[in-house]
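In what follows, a single structure is set out as structure tokens and then discussed.
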Amino acid sequence: MAALFKARKALAVCLAGCRSLSQLAELPETHQLLRQTCRDFANRELAPIAARLDKEHSYPAKQIQDLGAMGVMAMEVPEELGGAGMDYLAYSLAMEEISRGCASTGVVVSVNNSLYIGPILKNGTEEQKTQWITPFATGEKVGCFALSEPGNGSDAGAASTVARQDGNEWVLNGTKAWITNSWDASATVGISAFLIPMPHPGLSLGKKEDKLGIRASSTANIILEDCRVPLDNMLGPRGAGFKIAMQTLDSGRIGIAAQALGIAQASLDCAADYAHKRTAFGSPIGKLQAIQIKLADMAVAIESARLLTWKAALLRDSKKPFTKEAAMAKLAASEAATFCSHQAIQILGGMGYVSDMPAERHYRDARITEIYEGTSEIQRLVIAGQLLKEYQS
Amino acid sequence: MSGRVLVGVKRVIDYAVKIRVKPDNSSVVTDGVKHSMNPFCEIAVEEAVKMKEKKLIKEVVAVSCGPQQAQETIRTALAMGADRGIHVEVTGKDYETLGPLQISKIMAALAKKEEAQLIILGKQAIDDDCNQTGQMTAALLDWPQGTFASEVSLEGDKIKVVREVDGGLETIKINVPAVITADLRLNTPRYATLPNIMKAKKKKIANMKPADLGVDITSRLEVLRVDEPPQRQAGVKEHKHGARNLAEGTL
């Protein structure tokens, strides 16, 4: 009797899981259409300009507005607030395709969706959502997320920016570092979870960092000197800042994993195409085992990371815990991106080293994915922490 | 003019794919090959949706003839803003021999059934390049036609069409109901917005067979053989004064 019960329970669990697992094998029709639309946009509007954006460090304002008009800048936001009302699996698909065209555009989309809109959607009051989300759904304004500081990156809890209440205002002092979108943003969410419009008296921007990759997106310090915001600008309850930041990063990891997948896929596309066309020793180099083994390893790395990313997104959409899976996805995808872009240069040989081919830009763009939104080392600690908890019970 | 527009959308091999001929030279390889909406059909859909947004027409109906996969093409049209779809199911050998004459018979039958005021089609499909369906449909219905349209506007109860022709541009005015075929410069098709992709899921696609419309789709054509174009030969380098020598008949 007990065995029958267990079997029935196991079947129920399996079926519940199967509803989402089958989506890993074949995407639902809307998601396929969404993926194709984003792929067409990336191929026609992003890929042709990505090299120039990178060279000139120029922000893709028009493309971000176009993406806003499509609903890509606020994918999870309900339609009433101006968003697309889609799920995180859809977001991951869109992120991968956009990043495949241009990794810099990808990170702008990711930060706006996961790091800026994300915490407001989850923790904000109705007024805060209307004021701080709706204008940022169209692509005309983008947001940024200020967590890291010059003195703490991985050590997020050691933040030193302070907020002091003075009458009906908060007064903020401190410096935030490495803020993506900073120069193009119109608002930011800080660790103590404050919403600050930009520009704003008391908030100034440091110089734009001269980065190795994702050069079309701006990264700079945000300096707060007696920056005053109304009490209503606090997001979530007092003292919840760290928790909000960690929750936000969990979701952000899925977005960055998808961005890394896009870069990895673009590298594989570039390398495989070259392998067909370039001849050596009388045949296309794709016939050589050394090249084939590299391509196979690249494809496996991408597909496994992609399935991890989709699984994390599906778990999040089913409102199940997804911290471990999100960290695994980000770790796997970012290491796939650096691996694939490295191998792509190797397959292209000398041509991989010059800007005539996109391989070198993918190599430079990939590198940051192992660092931001939690270094690969931090991801490993998060995974181990979750794992050990599971084994305890 | 208010009312209903039929837009034909064809599922073709994607323009970026390298076409390969089957080893038996019977046709091109389509299995596992990426397909998408014919680019000129996209332009036709865009024009119809624009007319609806300007409140010049009330309803856009997307029509596609083919196997199950034709529904994907209709779904794309719905995501661009068409209101509903009609899938005329044609499969197997019938689908392989489907051509402009049969399609125009189907479109004509649907136009009568749906009481359409306007049919907008792409000027041609990029797989067979026939450039016949629009013209044949107009003839079967005895409607005026504005083909190779690069501009379409309403003037009173007539439609003004600027046509791209070999000699330049020709402007004509035609009565409604009419058939228009879209040329490249008519408009730039929009990307489907995500909310519209979600809405497209709920829009209806009606299914029917050619027999339901009383249309006989037997082909009057038989494809004997398909070959790749001949390989480009290397050119011949002429001497510096080669042109003069050639005229004199010497090298």
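The way I read the labels, and the way they are meant: chains A, B, ... in the order of the structure tokens, residue 1 as the first residue of every chain, and ligand 1 as the first ligand shown, with later ones counted on from there.
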
Exercise. Contacts of range 123-136 of chain A at 12 Å or less, counting only C-alpha atoms, minus same-chain residues fewer than 5 places along, as a PyMOL selection string?
Worked result: chain A and resi 64-65+67-69+71-84+109+111-113+116-118+141-144+184-189+193-198+231-238+240-241+243-245+247-248

For this session: For range 320-337 of chain A, list every protein, DNA or RNA residue within 8 Å, evaluated using only C-alpha atoms, and leave out those in the same chain fewer than 3 positions away; present the list as a VMD selection string.
Result: chain A and resid 250 to 251 253 to 254 256 to 258 260 to 261 263 to 264 298 301 to 302 304 to 306 308 to 309 311 to 313 315 to 317 340 to 341 366 to 367 369 to 370 376 379 to 380 382 to 383 386 to 387

For this session: Within 6 Å of range 168-183 of chain B, counting only C-alpha atoms, which residues show up once you throw out same-chain ones fewer than 6 positions away? Write them as a PyMOL selection string, please.
Result: chain B and resi 44+117-123+138+143-150+158-162

Exercise. Taking only C-alpha atoms into account, what are the residues of chain B at most 10 Å from chain A, put as a PyMOL selection string?
Worked result: chain B and resi 36+72-73+75-76+79+190-201

Problem set entry | Those in range 121-233 of chain A with strand (DSSP E) from DSSP, as a VMD selection string | chain A and resid 142 to 146 162 to 166 169 to 180 185 to 190 195 to 197 203 to 205 219 to 230

Write the residues of the preceding selection, restricted to C-alpha atoms, as a short mmCIF file (atom, residue, chain, number, x, y, z; two decimals), in the first residue's frame.
```cif
data_model
loop_
_atom_site.label_atom_id
_atom_site.label_comp_id
_atom_site.auth_asym_id
_atom_site.auth_seq_id
_atom_site.Cartn_x
_atom_site.Cartn_y
_atom_site.Cartn_z
CA VAL A 142 17.09 52.93 -19.23
CA GLY A 143 17.90 52.13 -15.64
CA CYS A 144 20.95 50.88 -13.85
CA PHE A 145 21.73 49.03 -10.63
CA ALA A 146 24.31 50.37 -8.19
CA VAL A 162 25.26 55.41 3.92
CA ALA A 163 21.73 56.75 4.07
CA ARG A 164 20.64 59.11 6.79
CA GLN A 165 17.07 60.22 7.36
CA ASP A 166 16.64 63.97 7.54
CA GLU A 169 14.18 62.92 2.89
CA TRP A 170 16.95 60.36 2.76
CA VAL A 171 20.46 61.76 2.40
CA LEU A 172 22.86 59.41 0.63
CA ASN A 173 26.64 59.52 0.66
CA GLY A 174 29.17 57.23 -0.93
CA THR A 175 30.51 55.96 -4.22
CA LYS A 176 29.24 53.12 -6.37
CA ALA A 177 31.55 51.55 -8.91
CA TRP A 178 31.33 49.64 -12.21
CA ILE A 179 27.79 50.70 -12.91
CA THR A 180 26.66 49.48 -16.33
CA ALA A 185 20.57 55.82 -17.39
CA SER A 186 17.75 57.92 -16.04
CA ALA A 187 17.42 56.16 -12.68
CA THR A 188 19.21 53.79 -10.39
CA VAL A 189 18.46 51.35 -7.57
CA GLY A 190 21.03 51.38 -4.73
CA LEU A 195 15.22 54.79 -6.38
CA ILE A 196 17.15 57.77 -7.61
CA PRO A 197 16.35 59.67 -10.78
CA LEU A 203 24.56 62.43 -7.83
CA SER A 204 27.45 62.70 -10.23
CA LEU A 205 29.06 60.28 -12.66
CA THR A 219 30.34 51.76 -17.28
CA ALA A 220 31.25 54.34 -14.66
CA ASN A 221 31.21 55.23 -10.98
CA ILE A 222 28.21 56.92 -9.43
CA ILE A 223 29.15 59.39 -6.70
CA LEU A 224 26.59 60.36 -4.09
CA GLU A 225 27.32 63.54 -2.13
CA ASP A 226 24.44 64.57 0.14
CA CYS A 227 22.12 63.25 -2.50
CA ARG A 228 18.57 63.84 -1.25
CA VAL A 229 15.56 61.73 -2.27
CA PRO A 230 12.01 61.68 -0.85
#
```

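With CA of Asp212 in chain B on one side and CA of Val7 in chain B on the other, the separation reads 19.5 Å.
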
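For the pair CA of Val12 in chain B and CA of Tyr91 in chain A, the interatomic distance is 28.3 Å.
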
For this session: May I have the residues within 12 Å of Val226 in chain B as a count of residues only, using only C-alpha atoms and disregarding those fewer than 6 positions away in the same chain?
Result: 12

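Non-sequential neighbours of Lys112 in chain B (distance at most 12 Å, separation of 6 or more positions within a chain, only C-alpha atoms) are Arg4, Val5, Leu6, Lys105, Ile106, Leu118, Ile119, Thr137, Leu140, Leu141, Asp142, Trp143, Pro177 and Leu213 of chain B.
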
Written selection (C-alpha atoms) as an mmCIF file, in the first residue's frame:
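Written file, result.cif:
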```
data_model
loop_
_atom_site.group_PDB
_atom_site.id
_atom_site.type_symbol
_atom_site.label_atom_id
_atom_site.label_comp_id
_atom_site.auth_asym_id
_atom_site.auth_seq_id
_atom_site.Cartn_x
_atom_site.Cartn_y
_atom_site.Cartn_z
ATOM 1 C CA ARG B 4 -12.059 43.360 -45.554
ATOM 2 C CA VAL B 5 -8.600 42.819 -47.045
ATOM 3 C CA LEU B 6 -7.245 39.396 -47.944
ATOM 4 C CA LYS B 105 -8.469 30.159 -58.142
ATOM 5 C CA ILE B 106 -8.379 29.684 -54.346
ATOM 6 C CA LEU B 118 -9.099 44.310 -51.591
ATOM 7 C CA ILE B 119 -6.538 41.576 -52.141
ATOM 8 C CA THR B 137 -6.444 36.447 -59.473
ATOM 9 C CA LEU B 140 -10.463 35.419 -62.593
ATOM 10 C CA LEU B 141 -12.420 37.958 -60.533
ATOM 11 C CA ASP B 142 -12.565 40.496 -63.350
ATOM 12 C CA TRP B 143 -11.149 43.074 -60.918
ATOM 13 C CA PRO B 177 -12.599 45.975 -55.366
ATOM 14 C CA LEU B 213 -14.131 26.105 -52.037
#
```

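With CA of Met357 in chain A on one side and CA of Ile214 in chain A on the other, the separation reads 16.3 Å.
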
For this session: Enumerate the residues of range 28-119 of chain B with a DSSP assignment of alpha helix (DSSP H), computed from the backbone, and present them as number ranges by chain.
Result: B: 39-53, 70-80, 92-96, 100-114

Export, as a short mmCIF file (atom, residue, chain, number, x, y, z; two decimals), in the first residue's frame, the selected residues with N, CA and C atoms.
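The new file out.cif reads:
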```
data_model
loop_
_atom_site.label_atom_id
_atom_site.label_comp_id
_atom_site.auth_asym_id
_atom_site.auth_seq_id
_atom_site.Cartn_x
_atom_site.Cartn_y
_atom_site.Cartn_z
N PRO B 39 9.47 37.42 -48.52
CA PRO B 39 9.68 38.83 -48.18
C PRO B 39 8.63 39.78 -48.79
N PHE B 40 8.18 39.50 -50.04
CA PHE B 40 7.18 40.40 -50.63
C PHE B 40 5.82 40.24 -49.96
N CYS B 41 5.57 39.04 -49.41
CA CYS B 41 4.33 38.84 -48.65
C CYS B 41 4.38 39.63 -47.35
N GLU B 42 5.58 39.73 -46.73
CA GLU B 42 5.73 40.53 -45.51
C GLU B 42 5.34 41.97 -45.80
N ILE B 43 5.79 42.46 -46.96
CA ILE B 43 5.49 43.84 -47.34
C ILE B 43 3.99 44.00 -47.55
N ALA B 44 3.35 42.96 -48.13
CA ALA B 44 1.90 43.01 -48.35
C ALA B 44 1.16 43.08 -47.02
N VAL B 45 1.59 42.24 -46.04
CA VAL B 45 0.95 42.25 -44.72
C VAL B 45 1.10 43.62 -44.08
N GLU B 46 2.31 44.16 -44.15
CA GLU B 46 2.58 45.47 -43.54
C GLU B 46 1.66 46.53 -44.11
N GLU B 47 1.47 46.51 -45.44
CA GLU B 47 0.62 47.52 -46.08
C GLU B 47 -0.82 47.39 -45.59
N ALA B 48 -1.30 46.16 -45.49
CA ALA B 48 -2.67 45.92 -45.03
C ALA B 48 -2.84 46.39 -43.59
N VAL B 49 -1.86 46.06 -42.73
CA VAL B 49 -1.96 46.46 -41.32
C VAL B 49 -1.92 47.98 -41.19
N LYS B 50 -1.07 48.60 -42.02
CA LYS B 50 -1.00 50.08 -42.00
C LYS B 50 -2.35 50.68 -42.38
N MET B 51 -3.01 50.10 -43.39
CA MET B 51 -4.31 50.63 -43.83
C MET B 51 -5.33 50.48 -42.71
N LYS B 52 -5.23 49.37 -41.97
CA LYS B 52 -6.16 49.18 -40.87
C LYS B 52 -5.90 50.20 -39.77
N GLU B 53 -4.59 50.47 -39.50
CA GLU B 53 -4.26 51.45 -38.46
C GLU B 53 -4.75 52.84 -38.84
N ALA B 70 2.26 25.73 -42.90
CA ALA B 70 1.79 27.03 -43.40
C ALA B 70 1.18 27.84 -42.27
N GLN B 71 0.73 27.14 -41.23
CA GLN B 71 0.13 27.85 -40.09
C GLN B 71 1.15 28.75 -39.39
N GLU B 72 2.45 28.34 -39.40
CA GLU B 72 3.49 29.19 -38.79
C GLU B 72 3.54 30.54 -39.51
N THR B 73 3.43 30.48 -40.84
CA THR B 73 3.49 31.70 -41.64
C THR B 73 2.29 32.59 -41.34
N ILE B 74 1.12 31.96 -41.20
CA ILE B 74 -0.09 32.72 -40.86
C ILE B 74 0.08 33.35 -39.49
N ARG B 75 0.66 32.59 -38.55
CA ARG B 75 0.85 33.08 -37.18
C ARG B 75 1.75 34.32 -37.19
N THR B 76 2.78 34.31 -38.05
CA THR B 76 3.66 35.48 -38.15
C THR B 76 2.86 36.69 -38.62
N ALA B 77 1.96 36.47 -39.62
CA ALA B 77 1.13 37.58 -40.11
C ALA B 77 0.23 38.08 -38.99
N LEU B 78 -0.30 37.18 -38.19
CA LEU B 78 -1.15 37.58 -37.07
C LEU B 78 -0.35 38.40 -36.07
N ALA B 79 0.90 38.00 -35.84
CA ALA B 79 1.74 38.74 -34.89
C ALA B 79 2.07 40.13 -35.42
N MET B 80 2.04 40.28 -36.74
CA MET B 80 2.30 41.61 -37.32
C MET B 80 1.07 42.50 -37.26
N GLY B 92 1.37 16.86 -49.70
CA GLY B 92 1.92 15.80 -50.56
C GLY B 92 2.14 16.25 -52.00
N LYS B 93 1.77 15.36 -52.92
CA LYS B 93 2.00 15.61 -54.35
C LYS B 93 1.28 16.88 -54.80
N ASP B 94 0.05 17.08 -54.27
CA ASP B 94 -0.72 18.28 -54.62
C ASP B 94 0.06 19.53 -54.28
N TYR B 95 0.76 19.50 -53.11
CA TYR B 95 1.51 20.69 -52.68
C TYR B 95 2.72 20.91 -53.59
N GLU B 96 3.34 19.80 -54.01
CA GLU B 96 4.52 19.93 -54.88
C GLU B 96 4.16 20.56 -56.22
N PRO B 100 0.76 29.22 -59.34
CA PRO B 100 -0.05 30.44 -59.38
C PRO B 100 -1.49 30.23 -59.85
N LEU B 101 -1.73 29.39 -60.84
CA LEU B 101 -3.09 29.24 -61.34
C LEU B 101 -4.02 28.71 -60.25
N GLN B 102 -3.56 27.66 -59.55
CA GLN B 102 -4.41 27.09 -58.50
C GLN B 102 -4.60 28.08 -57.35
N ILE B 103 -3.50 28.79 -56.98
CA ILE B 103 -3.59 29.75 -55.87
C ILE B 103 -4.57 30.85 -56.22
N SER B 104 -4.49 31.34 -57.46
CA SER B 104 -5.40 32.44 -57.82
C SER B 104 -6.85 31.96 -57.83
N LYS B 105 -7.09 30.68 -58.22
CA LYS B 105 -8.47 30.16 -58.14
C LYS B 105 -8.93 30.15 -56.69
N ILE B 106 -8.03 29.73 -55.78
CA ILE B 106 -8.38 29.68 -54.35
C ILE B 106 -8.63 31.10 -53.83
N MET B 107 -7.74 32.03 -54.17
CA MET B 107 -7.89 33.42 -53.69
C MET B 107 -9.19 34.01 -54.21
N ALA B 108 -9.52 33.74 -55.48
CA ALA B 108 -10.75 34.28 -56.06
C ALA B 108 -11.97 33.73 -55.32
N ALA B 109 -11.96 32.42 -55.05
CA ALA B 109 -13.07 31.80 -54.34
C ALA B 109 -13.21 32.40 -52.94
N LEU B 110 -12.06 32.60 -52.26
CA LEU B 110 -12.10 33.16 -50.90
C LEU B 110 -12.58 34.61 -50.93
N ALA B 111 -12.14 35.35 -51.96
CA ALA B 111 -12.55 36.76 -52.05
C ALA B 111 -14.07 36.86 -52.13
N LYS B 112 -14.67 35.95 -52.90
CA LYS B 112 -16.13 35.96 -53.03
C LYS B 112 -16.76 35.55 -51.71
N LYS B 113 -16.22 34.47 -51.11
CA LYS B 113 -16.78 33.94 -49.86
C LYS B 113 -16.68 34.97 -48.74
N GLU B 114 -15.55 35.66 -48.65
CA GLU B 114 -15.32 36.60 -47.56
C GLU B 114 -15.79 38.01 -47.90
#
```
